[in-house]
$ cat entry_13.txt   # compact mmCIF, C-alpha atoms and all ligand atoms
# COMPACT_ATOMS: atom_id res chain seq x y z
CA MET Z 1 -72.82 11.05 -129.56
CA ASN Z 2 -69.49 9.27 -129.93
CA ILE Z 3 -68.28 7.85 -126.62
CA ILE Z 4 -64.62 6.99 -126.37
CA ILE Z 5 -63.70 4.96 -123.28
CA MET Z 6 -60.04 4.82 -122.36
CA GLU Z 7 -58.44 1.39 -122.54
CA LYS Z 8 -57.17 1.47 -118.93
CA ILE Z 9 -60.15 1.84 -116.62
CA GLY Z 10 -61.60 0.11 -113.55
CA PHE Z 11 -59.69 -1.41 -110.64
CA CYS Z 12 -55.89 -1.59 -110.70
CA TYR Z 13 -54.08 -4.69 -109.52
CA GLY Z 14 -53.43 -3.28 -106.02
CA VAL Z 15 -57.06 -2.37 -105.35
CA ASP Z 16 -58.33 -5.66 -106.74
CA ARG Z 17 -55.87 -7.57 -104.57
CA SER Z 18 -56.76 -5.62 -101.44
CA ILE Z 19 -60.49 -6.28 -101.86
CA SER Z 20 -59.91 -9.94 -102.60
CA ILE Z 21 -57.74 -10.48 -99.47
CA THR Z 22 -60.29 -8.63 -97.33
CA LYS Z 23 -63.19 -10.74 -98.57
CA GLN Z 24 -61.28 -13.90 -97.60
CA VAL Z 25 -60.82 -12.66 -94.01
CA LYS Z 26 -64.44 -13.54 -93.23
CA ASN Z 27 -63.76 -17.22 -93.87
CA MET Z 28 -60.42 -17.36 -92.08
CA TYR Z 29 -60.60 -15.28 -88.90
CA PRO Z 30 -63.10 -14.84 -86.06
CA ARG Z 31 -65.11 -11.61 -85.69
CA PRO Z 32 -64.78 -8.73 -85.29
CA TRP Z 33 -63.08 -7.77 -88.58
CA ILE Z 34 -62.09 -4.13 -88.38
CA LEU Z 35 -60.81 -2.07 -91.33
CA LEU Z 36 -58.15 0.46 -90.36
CA GLY Z 37 -59.77 3.02 -92.68
CA PRO Z 38 -61.50 3.06 -96.05
CA LEU Z 39 -60.02 -0.05 -97.71
CA VAL Z 40 -59.85 1.67 -101.10
CA HIS Z 41 -60.94 5.11 -102.19
CA ASN Z 42 -64.39 4.16 -103.30
CA ASP Z 43 -67.46 4.66 -101.22
CA ILE Z 44 -69.48 1.89 -102.85
CA VAL Z 45 -66.80 -0.74 -102.18
CA ASN Z 46 -66.38 0.37 -98.56
CA LYS Z 47 -70.15 0.42 -97.91
CA GLU Z 48 -70.48 -3.09 -99.35
CA LEU Z 49 -67.89 -4.34 -96.87
CA LEU Z 50 -69.65 -2.64 -93.95
CA ASN Z 51 -72.93 -4.23 -95.03
CA ASP Z 52 -71.15 -7.56 -95.15
CA GLY Z 53 -70.22 -7.46 -91.44
CA TYR Z 54 -66.90 -5.62 -91.53
CA GLN Z 55 -66.41 -2.63 -89.24
CA MET Z 56 -64.33 0.53 -89.64
CA LEU Z 57 -61.99 1.82 -86.92
CA LYS Z 58 -63.16 5.27 -85.81
CA ASN Z 59 -60.09 6.48 -83.96
CA LYS Z 60 -56.56 5.10 -84.31
CA ASP Z 61 -55.68 6.49 -80.86
CA GLU Z 62 -57.94 3.84 -79.33
CA ILE Z 63 -56.02 0.91 -80.78
CA ASN Z 64 -54.64 -0.09 -77.37
CA ASN Z 65 -58.16 -0.74 -76.10
CA PHE Z 66 -58.59 -3.69 -78.47
CA LYS Z 67 -57.71 -7.33 -77.82
CA ASN Z 68 -58.09 -10.44 -80.01
CA VAL Z 69 -59.49 -8.46 -82.90
CA THR Z 70 -58.74 -9.00 -86.60
CA PHE Z 71 -57.58 -5.70 -88.08
CA ILE Z 72 -57.25 -5.19 -91.83
CA SER Z 73 -54.86 -2.62 -93.27
CA THR Z 74 -55.94 -0.55 -96.26
CA ALA Z 75 -54.47 -0.81 -99.78
CA HIS Z 76 -52.43 2.33 -99.03
CA GLY Z 77 -50.23 0.98 -96.27
CA ILE Z 78 -49.92 1.08 -92.52
CA ASN Z 79 -47.74 3.21 -90.29
CA PRO Z 80 -45.04 0.95 -88.71
CA LYS Z 81 -45.72 2.34 -85.20
CA LEU Z 82 -49.42 1.56 -85.51
CA LYS Z 83 -48.56 -1.91 -86.78
CA THR Z 84 -46.40 -2.57 -83.71
CA GLU Z 85 -49.23 -1.51 -81.41
CA ILE Z 86 -51.79 -3.65 -83.22
CA ILE Z 87 -49.86 -6.89 -83.29
CA LYS Z 88 -49.20 -6.78 -79.52
CA ASN Z 89 -52.72 -8.09 -78.81
CA ASN Z 90 -54.43 -8.61 -82.15
CA THR Z 91 -54.21 -10.18 -85.59
CA LEU Z 92 -53.28 -7.93 -88.50
CA VAL Z 93 -54.13 -8.83 -92.10
CA GLU Z 94 -52.12 -6.63 -94.43
CA THR Z 95 -53.63 -5.74 -97.79
CA THR Z 96 -51.14 -3.00 -98.69
CA CYS Z 97 -50.47 -2.78 -102.42
CA PRO Z 98 -47.03 -4.38 -103.07
CA ILE Z 99 -45.95 -1.30 -105.04
CA VAL Z 100 -46.64 0.97 -102.04
CA LEU Z 101 -44.97 -1.51 -99.70
CA LYS Z 102 -41.83 -1.66 -101.87
CA ASN Z 103 -41.67 2.14 -102.05
CA ASN Z 104 -42.11 2.50 -98.28
CA ASN Z 105 -39.44 -0.13 -97.53
CA LYS Z 106 -37.08 1.74 -99.86
CA ILE Z 107 -37.78 4.99 -97.98
CA ILE Z 108 -37.13 3.39 -94.58
CA ASN Z 109 -33.87 2.05 -95.95
CA TYR Z 110 -32.78 5.51 -97.12
CA PHE Z 111 -33.77 6.95 -93.73
CA ASN Z 112 -31.79 4.31 -91.86
CA ASN Z 113 -28.77 5.12 -94.02
CA GLY Z 114 -28.79 8.76 -92.98
CA TYR Z 115 -30.71 10.33 -95.86
CA THR Z 116 -33.19 13.15 -95.53
CA VAL Z 117 -36.09 11.92 -97.65
CA ILE Z 118 -38.09 14.61 -99.44
CA TYR Z 119 -41.44 13.04 -100.27
CA ILE Z 120 -43.88 14.55 -102.76
CA GLY Z 121 -47.31 13.58 -101.48
CA LYS Z 122 -50.59 14.65 -100.07
CA HIS Z 123 -51.01 15.61 -96.42
CA HIS Z 124 -53.32 13.22 -94.52
CA HIS Z 125 -53.56 10.72 -97.36
CA GLN Z 126 -53.34 7.15 -96.01
CA GLU Z 127 -50.26 6.40 -98.13
CA SER Z 128 -48.29 9.41 -96.90
CA ASP Z 129 -49.51 8.88 -93.31
CA ALA Z 130 -48.05 5.37 -93.44
CA ILE Z 131 -44.52 6.73 -94.04
CA ILE Z 132 -44.75 10.20 -92.51
CA ASP Z 133 -42.29 9.44 -89.66
CA TYR Z 134 -39.46 8.93 -92.17
CA VAL Z 135 -39.97 11.77 -94.61
CA THR Z 136 -40.19 15.51 -95.14
CA LEU Z 137 -43.48 15.84 -96.96
CA VAL Z 138 -43.93 18.46 -99.68
CA GLU Z 139 -47.12 18.99 -101.65
CA ASN Z 140 -46.00 21.70 -104.08
CA ILE Z 141 -43.29 24.09 -105.20
CA GLU Z 142 -44.04 26.52 -102.36
CA ASP Z 143 -43.33 23.77 -99.82
CA ILE Z 144 -40.04 23.02 -101.57
CA LYS Z 145 -39.03 26.69 -101.54
CA SER Z 146 -39.49 26.83 -97.77
CA LEU Z 147 -37.44 23.69 -97.05
CA GLN Z 148 -34.41 24.14 -94.82
CA ILE Z 149 -32.34 20.98 -95.01
CA ASP Z 150 -28.79 20.89 -93.76
CA SER Z 151 -27.61 17.47 -94.88
CA PRO Z 152 -25.24 16.18 -97.56
CA LEU Z 153 -27.50 13.17 -98.14
CA ILE Z 154 -30.86 14.04 -99.67
CA VAL Z 155 -33.11 11.80 -101.72
CA LEU Z 156 -36.33 12.73 -103.51
CA THR Z 157 -39.20 10.29 -103.81
CA ASN Z 158 -42.99 10.42 -103.72
CA GLN Z 159 -46.43 8.99 -103.11
CA THR Z 160 -46.97 6.44 -105.89
CA THR Z 161 -50.08 8.05 -107.38
CA MET Z 162 -48.79 11.54 -108.14
CA SER Z 163 -48.94 12.96 -111.65
CA ILE Z 164 -46.14 12.97 -114.20
CA LYS Z 165 -46.29 16.78 -114.31
CA ASP Z 166 -46.15 17.15 -110.48
CA ILE Z 167 -43.08 14.95 -110.33
CA GLU Z 168 -41.35 16.85 -113.15
CA ARG Z 169 -42.04 20.26 -111.59
CA CYS Z 170 -41.06 19.22 -108.07
CA THR Z 171 -37.90 17.43 -109.25
CA ASP Z 172 -36.74 20.58 -111.06
CA ALA Z 173 -37.45 22.71 -107.97
CA VAL Z 174 -35.61 20.34 -105.61
CA LEU Z 175 -32.59 20.08 -107.92
CA GLU Z 176 -32.43 23.86 -108.24
CA LYS Z 177 -32.27 24.16 -104.46
CA TYR Z 178 -30.30 21.01 -103.63
CA PRO Z 179 -28.37 20.04 -106.82
CA ASP Z 180 -26.81 16.89 -105.32
CA THR Z 181 -30.17 15.32 -104.45
CA LEU Z 182 -30.53 11.70 -105.43
CA ILE Z 183 -33.69 11.33 -107.55
CA ASP Z 184 -35.60 8.11 -106.87
CA THR Z 185 -39.17 9.01 -107.86
CA ILE Z 186 -41.80 6.49 -108.88
CA ILE Z 187 -45.28 6.52 -110.39
CA CYS Z 188 -47.05 3.19 -110.12
CA PRO Z 189 -47.63 1.61 -113.56
CA ALA Z 190 -51.46 1.63 -113.27
CA THR Z 191 -51.45 5.35 -112.42
CA LYS Z 192 -48.89 6.21 -115.07
CA GLU Z 193 -50.48 4.34 -117.95
CA ARG Z 194 -53.81 6.11 -117.33
CA GLN Z 195 -52.09 9.48 -117.29
CA VAL Z 196 -50.09 8.69 -120.45
CA GLU Z 197 -53.21 7.52 -122.31
CA LEU Z 198 -55.17 10.59 -121.20
CA LEU Z 199 -52.32 13.00 -122.00
CA LYS Z 200 -52.01 11.50 -125.49
CA HIS Z 201 -55.67 12.36 -126.13
CA LEU Z 202 -55.40 15.77 -124.45
CA ASP Z 203 -52.32 16.64 -126.52
CA SER Z 204 -53.77 15.51 -129.84
CA TYR Z 205 -57.54 15.90 -129.60
CA HIS Z 206 -58.45 18.34 -126.83
CA ASP Z 207 -60.42 20.45 -129.32
CA GLU Z 208 -62.28 17.48 -130.76
CA PHE Z 209 -63.93 16.30 -127.53
CA ASP Z 210 -66.81 18.41 -126.23
CA LYS Z 211 -66.72 16.72 -122.83
CA TRP Z 212 -64.29 14.75 -120.70
CA LEU Z 213 -65.70 12.58 -117.93
CA ILE Z 214 -63.38 11.47 -115.13
CA ILE Z 215 -65.00 8.85 -112.90
CA GLY Z 216 -63.69 8.25 -109.39
CA ASP Z 217 -64.02 8.94 -105.71
CA LYS Z 218 -63.21 12.49 -104.54
CA LEU Z 219 -60.72 10.99 -102.06
CA SER Z 220 -58.81 9.14 -104.78
CA ASN Z 221 -55.46 10.82 -105.38
CA ASN Z 222 -54.86 9.24 -108.79
CA THR Z 223 -58.34 10.32 -109.97
CA ARG Z 224 -57.67 13.85 -108.77
CA LYS Z 225 -54.42 13.82 -110.75
CA LEU Z 226 -56.30 12.81 -113.93
CA THR Z 227 -58.54 15.82 -113.32
CA GLU Z 228 -55.60 18.17 -112.77
CA LEU Z 229 -53.99 17.02 -116.03
CA THR Z 230 -57.26 17.53 -117.92
CA LYS Z 231 -57.64 21.01 -116.43
CA LEU Z 232 -54.34 22.02 -118.08
CA TYR Z 233 -55.96 21.57 -121.51
CA THR Z 234 -59.71 22.17 -121.18
CA THR Z 235 -62.47 23.37 -118.91
CA ASN Z 236 -65.00 20.98 -120.50
CA PHE Z 237 -64.55 18.20 -117.97
CA HIS Z 238 -66.57 16.74 -115.11
CA TYR Z 239 -65.18 14.83 -112.12
CA VAL Z 240 -68.00 12.46 -111.19
CA GLU Z 241 -68.34 9.81 -108.52
CA ASN Z 242 -71.52 8.08 -109.63
CA ILE Z 243 -74.56 8.15 -111.86
CA ASN Z 244 -76.28 10.83 -109.75
CA ASP Z 245 -73.48 13.26 -110.59
CA VAL Z 246 -73.84 12.41 -114.29
CA MET Z 247 -77.59 13.09 -114.21
CA ASN Z 248 -76.81 16.72 -113.29
CA ILE Z 249 -74.61 17.33 -116.35
CA ASN Z 250 -75.95 19.19 -119.34
CA PHE Z 251 -74.90 17.14 -122.38
CA GLU Z 252 -76.73 19.32 -124.90
CA GLY Z 253 -74.70 19.69 -128.08
CA THR Z 254 -72.10 17.13 -127.01
CA LYS Z 255 -70.86 15.22 -130.04
CA ASN Z 256 -67.72 13.54 -128.71
CA LEU Z 257 -67.34 12.38 -125.13
CA LEU Z 258 -64.22 10.85 -123.59
CA ILE Z 259 -64.42 8.72 -120.44
CA THR Z 260 -61.61 7.73 -118.10
CA SER Z 261 -61.50 6.52 -114.49
CA GLY Z 262 -59.30 6.30 -111.42
CA THR Z 263 -57.81 3.03 -110.24
CA SER Z 264 -60.35 2.44 -107.46
CA THR Z 265 -63.46 2.89 -109.60
CA PRO Z 266 -65.40 -0.35 -110.04
CA ASN Z 267 -66.24 -1.34 -113.64
CA SER Z 268 -69.87 -1.64 -112.53
CA ILE Z 269 -70.05 2.16 -111.95
CA ILE Z 270 -68.45 2.91 -115.32
CA ASP Z 271 -70.83 0.49 -117.08
CA GLU Z 272 -73.83 2.01 -115.32
CA ILE Z 273 -72.81 5.53 -116.37
CA VAL Z 274 -72.12 4.53 -119.99
CA GLN Z 275 -75.45 2.69 -120.15
CA TYR Z 276 -77.29 5.72 -118.74
CA ILE Z 277 -75.69 8.07 -121.30
CA LYS Z 278 -76.43 5.72 -124.18
CA GLU Z 279 -80.07 5.30 -123.16
CA ASN Z 280 -80.86 8.85 -122.10
CA ILE Z 281 -78.57 11.31 -123.81
CA GLN Z 282 -77.65 9.96 -127.24
S1 LIG E 1 -52.88 2.83 -107.83
FE1 LIG E 1 -50.92 1.77 -108.04
S2 LIG E 1 -49.99 1.96 -106.02
FE2 LIG E 1 -52.17 2.41 -105.75
S3 LIG E 1 -53.13 0.46 -105.25
FE3 LIG E 1 -53.24 0.66 -107.49
S4 LIG E 1 -51.41 -0.41 -108.26
FE4 LIG E 1 -51.07 0.00 -106.08
$ encode --input "entry_13.txt" --output "structure tokens"
Amino acid sequence: MNIIIMEKIGFCYGVDRSISITKQVKNMYPRPWILLGPLVHNDIVNKELLNDGYQMLKNKDEINNFKNVTFISTAHGINPKLKTEIIKNNTLVETTCPIVLKNNNKIINYFNNGYTVIYIGKHHHQESDAIIDYVTLVENIEDIKSLQIDSPLIVLTNQTTMSIKDIERCTDAVLEKYPDTLIDTIICPATKERQVELLKHLDSYHDEFDKWLIIGDKLSNNTRKLTELTKLYTTNFHYVENINDVMNINFEGTKNLLITSGTSTPNSIIDEIVQYIKENIQ
């Protein structure tokens, strides 16, 4: 079996940075160290932190009950109101990806200047939750069709890990409804380059690969977007989180396999999966 592994795999810069800052907290601040949610969208990484003495906040509504605690924000940002509550009585270590932070600051700036901000994102994702008070969130074309905005100042932007195709479709729909909308969309470079690399292969070789393996956590938006793009071209794909998922796949007759991953998938998981396939399936 030929195995082609995409060039851009494993952790992105933002995830790597977030984990690295969090690991330093242990040496710099007194216990307890409490994560404000899953630090990154990967179960293995989050479990490792919990085993290492970190805790996870169960309910954000209880934040006022804490005093002299070290809280750690996730890579996906923190809601400004929550931040204000936390820093009244506690320490906050921010690990938000700088690309998310820059996008959120831009959104707040638009909001403060009177714009209605249409935001393409996912409901209840940590990144959209962090900015939800400033935006009108839309997930799809249907949401855009039902918008009722009465404002001369409208800007369109998005969660940083959406897909190229989502952004194109939603931009067209918003411009059809509100032609004067200012377009200020963004896809973070790590997300975009994975999509571009995958799309290049899907466009040119979708018939030549018998299987497409997309490795990443089910909560990872950018991994889900890689899956959605693949689905546009082929049904021969599997969205797997770990080696157990791979063990359930029937590889019989597979001659060419392509592997890609989301930005919060550790290289160790990818290596383990590739090793397993080479040793057991070839
Ligand atoms: S996927 Fe992009 S926006 Fe998200 S953490 Fe990684 S670099 Fe930052």
$ closest_residue --input "entry_13.txt" --among "Z:Ala75, Z:Ile243, Z:Leu147, Z:Ile259" --to "ligand LIG 1 (chain E)" --atoms "all atoms listed in the file"
Z:Ala75
$ residues_near_ligand --input "entry_13.txt" --ligand "ligand LIG 1 (chain E)" --cutoff "10 Å" --atoms "all atoms listed in the file" --output "JSON, numbers by chain"
{"Z": [11, 12, 13, 14, 15, 16, 17, 18, 40, 41, 74, 75, 76, 77, 95, 96, 97, 98, 99, 100, 101, 102, 103, 127, 159, 160, 161, 162, 186, 187, 188, 189, 190, 191, 192, 220, 221, 222, 223, 262, 263, 264]}
$ write_last_selection --input "entry_13.txt" --atoms "C-alpha atoms" --output "compact mmCIF listing (two decimals), keeping the file's coordinate frame"
# COMPACT_ATOMS: atom_id res chain seq x y z
CA PHE Z 11 -59.69 -1.41 -110.64
CA CYS Z 12 -55.89 -1.59 -110.70
CA TYR Z 13 -54.08 -4.69 -109.52
CA GLY Z 14 -53.43 -3.28 -106.02
CA VAL Z 15 -57.06 -2.37 -105.35
CA ASP Z 16 -58.33 -5.66 -106.74
CA ARG Z 17 -55.87 -7.57 -104.57
CA SER Z 18 -56.76 -5.62 -101.44
CA VAL Z 40 -59.85 1.67 -101.10
CA HIS Z 41 -60.94 5.11 -102.19
CA THR Z 74 -55.94 -0.55 -96.26
CA ALA Z 75 -54.47 -0.81 -99.78
CA HIS Z 76 -52.43 2.33 -99.03
CA GLY Z 77 -50.23 0.98 -96.27
CA THR Z 95 -53.63 -5.74 -97.79
CA THR Z 96 -51.14 -3.00 -98.69
CA CYS Z 97 -50.47 -2.78 -102.42
CA PRO Z 98 -47.03 -4.38 -103.07
CA ILE Z 99 -45.95 -1.30 -105.04
CA VAL Z 100 -46.64 0.97 -102.04
CA LEU Z 101 -44.97 -1.51 -99.70
CA LYS Z 102 -41.83 -1.66 -101.87
CA ASN Z 103 -41.67 2.14 -102.05
CA GLU Z 127 -50.26 6.40 -98.13
CA GLN Z 159 -46.43 8.99 -103.11
CA THR Z 160 -46.97 6.44 -105.89
CA THR Z 161 -50.08 8.05 -107.38
CA MET Z 162 -48.79 11.54 -108.14
CA ILE Z 186 -41.80 6.49 -108.88
CA ILE Z 187 -45.28 6.52 -110.39
CA CYS Z 188 -47.05 3.19 -110.12
CA PRO Z 189 -47.63 1.61 -113.56
CA ALA Z 190 -51.46 1.63 -113.27
CA THR Z 191 -51.45 5.35 -112.42
CA LYS Z 192 -48.89 6.21 -115.07
CA SER Z 220 -58.81 9.14 -104.78
CA ASN Z 221 -55.46 10.82 -105.38
CA ASN Z 222 -54.86 9.24 -108.79
CA THR Z 223 -58.34 10.32 -109.97
CA GLY Z 262 -59.30 6.30 -111.42
CA THR Z 263 -57.81 3.03 -110.24
CA SER Z 264 -60.35 2.44 -107.46
$ residues_near_point --input "entry_13.txt" --point "(-53.2, 4.4, -121.7)" --cutoff "7 Å" --atoms "all atoms listed in the file" --output "PDB file with C-alpha atoms, in the frame of the given file"
ATOM      1  CA  MET Z   6     -60.040   4.820-122.360  1.00  0.00           C
ATOM      2  CA  GLU Z   7     -58.440   1.390-122.540  1.00  0.00           C
ATOM      3  CA  LYS Z   8     -57.170   1.470-118.930  1.00  0.00           C
ATOM      4  CA  GLU Z 193     -50.480   4.340-117.950  1.00  0.00           C
ATOM      5  CA  ARG Z 194     -53.810   6.110-117.330  1.00  0.00           C
ATOM      6  CA  GLN Z 195     -52.090   9.480-117.290  1.00  0.00           C
ATOM      7  CA  VAL Z 196     -50.090   8.690-120.450  1.00  0.00           C
ATOM      8  CA  GLU Z 197     -53.210   7.520-122.310  1.00  0.00           C
ATOM      9  CA  LEU Z 198     -55.170  10.590-121.200  1.00  0.00           C
TER      10      LEU Z 198
END
$ residues_around --input "entry_13.txt" --residues "segment 108-110 of chain Z" --least-positions-apart "5" --cutoff "9 Å" --atoms "only C-alpha atoms" --output "list in words"
Asn103, Tyr115, Thr116, Val117, Ile131, Tyr134, Val135 and Val155 of chain Z
$ residues_around --input "entry_13.txt" --residues "Gly37 of chain Z" --least-positions-apart "6" --cutoff "9 Å" --atoms "all atoms listed in the file" --output "PDB file with C-alpha atoms, in the coordinates of the input"
ATOM      1  CA  MET Z  56     -64.330   0.530 -89.640  1.00  0.00           C
ATOM      2  CA  LEU Z  57     -61.990   1.820 -86.920  1.00  0.00           C
ATOM      3  CA  LYS Z  58     -63.160   5.270 -85.810  1.00  0.00           C
ATOM      4  CA  ILE Z  72     -57.250  -5.190 -91.830  1.00  0.00           C
ATOM      5  CA  SER Z  73     -54.860  -2.620 -93.270  1.00  0.00           C
ATOM      6  CA  THR Z  74     -55.940  -0.550 -96.260  1.00  0.00           C
ATOM      7  CA  GLN Z 126     -53.340   7.150 -96.010  1.00  0.00           C
TER       8      GLN Z 126
END
$ closest_residue --input "entry_13.txt" --among "Z:Leu39, Z:Leu50, Z:Ile270, Z:Ile86" --to "Asn65 of chain Z" --atoms "all atoms listed in the file"
Z:Ile86
$ closest_residue --input "entry_13.txt" --among "Z:Met247, Z:Ile120, Z:Ile4, Z:Ile281" --to "Ser163 of chain Z" --atoms "all atoms listed in the file"
Z:Ile120
$ atom_distance --input "entry_13.txt" --atom1 "atom CA of Ile9 of chain Z" --atom2 "atom CA of Asp129 of chain Z"
26.6 Å
$ atom_distance --input "entry_13.txt" --atom1 "atom CA of Val246 of chain Z" --atom2 "atom CA of Ile273 of chain Z"
7.3 Å
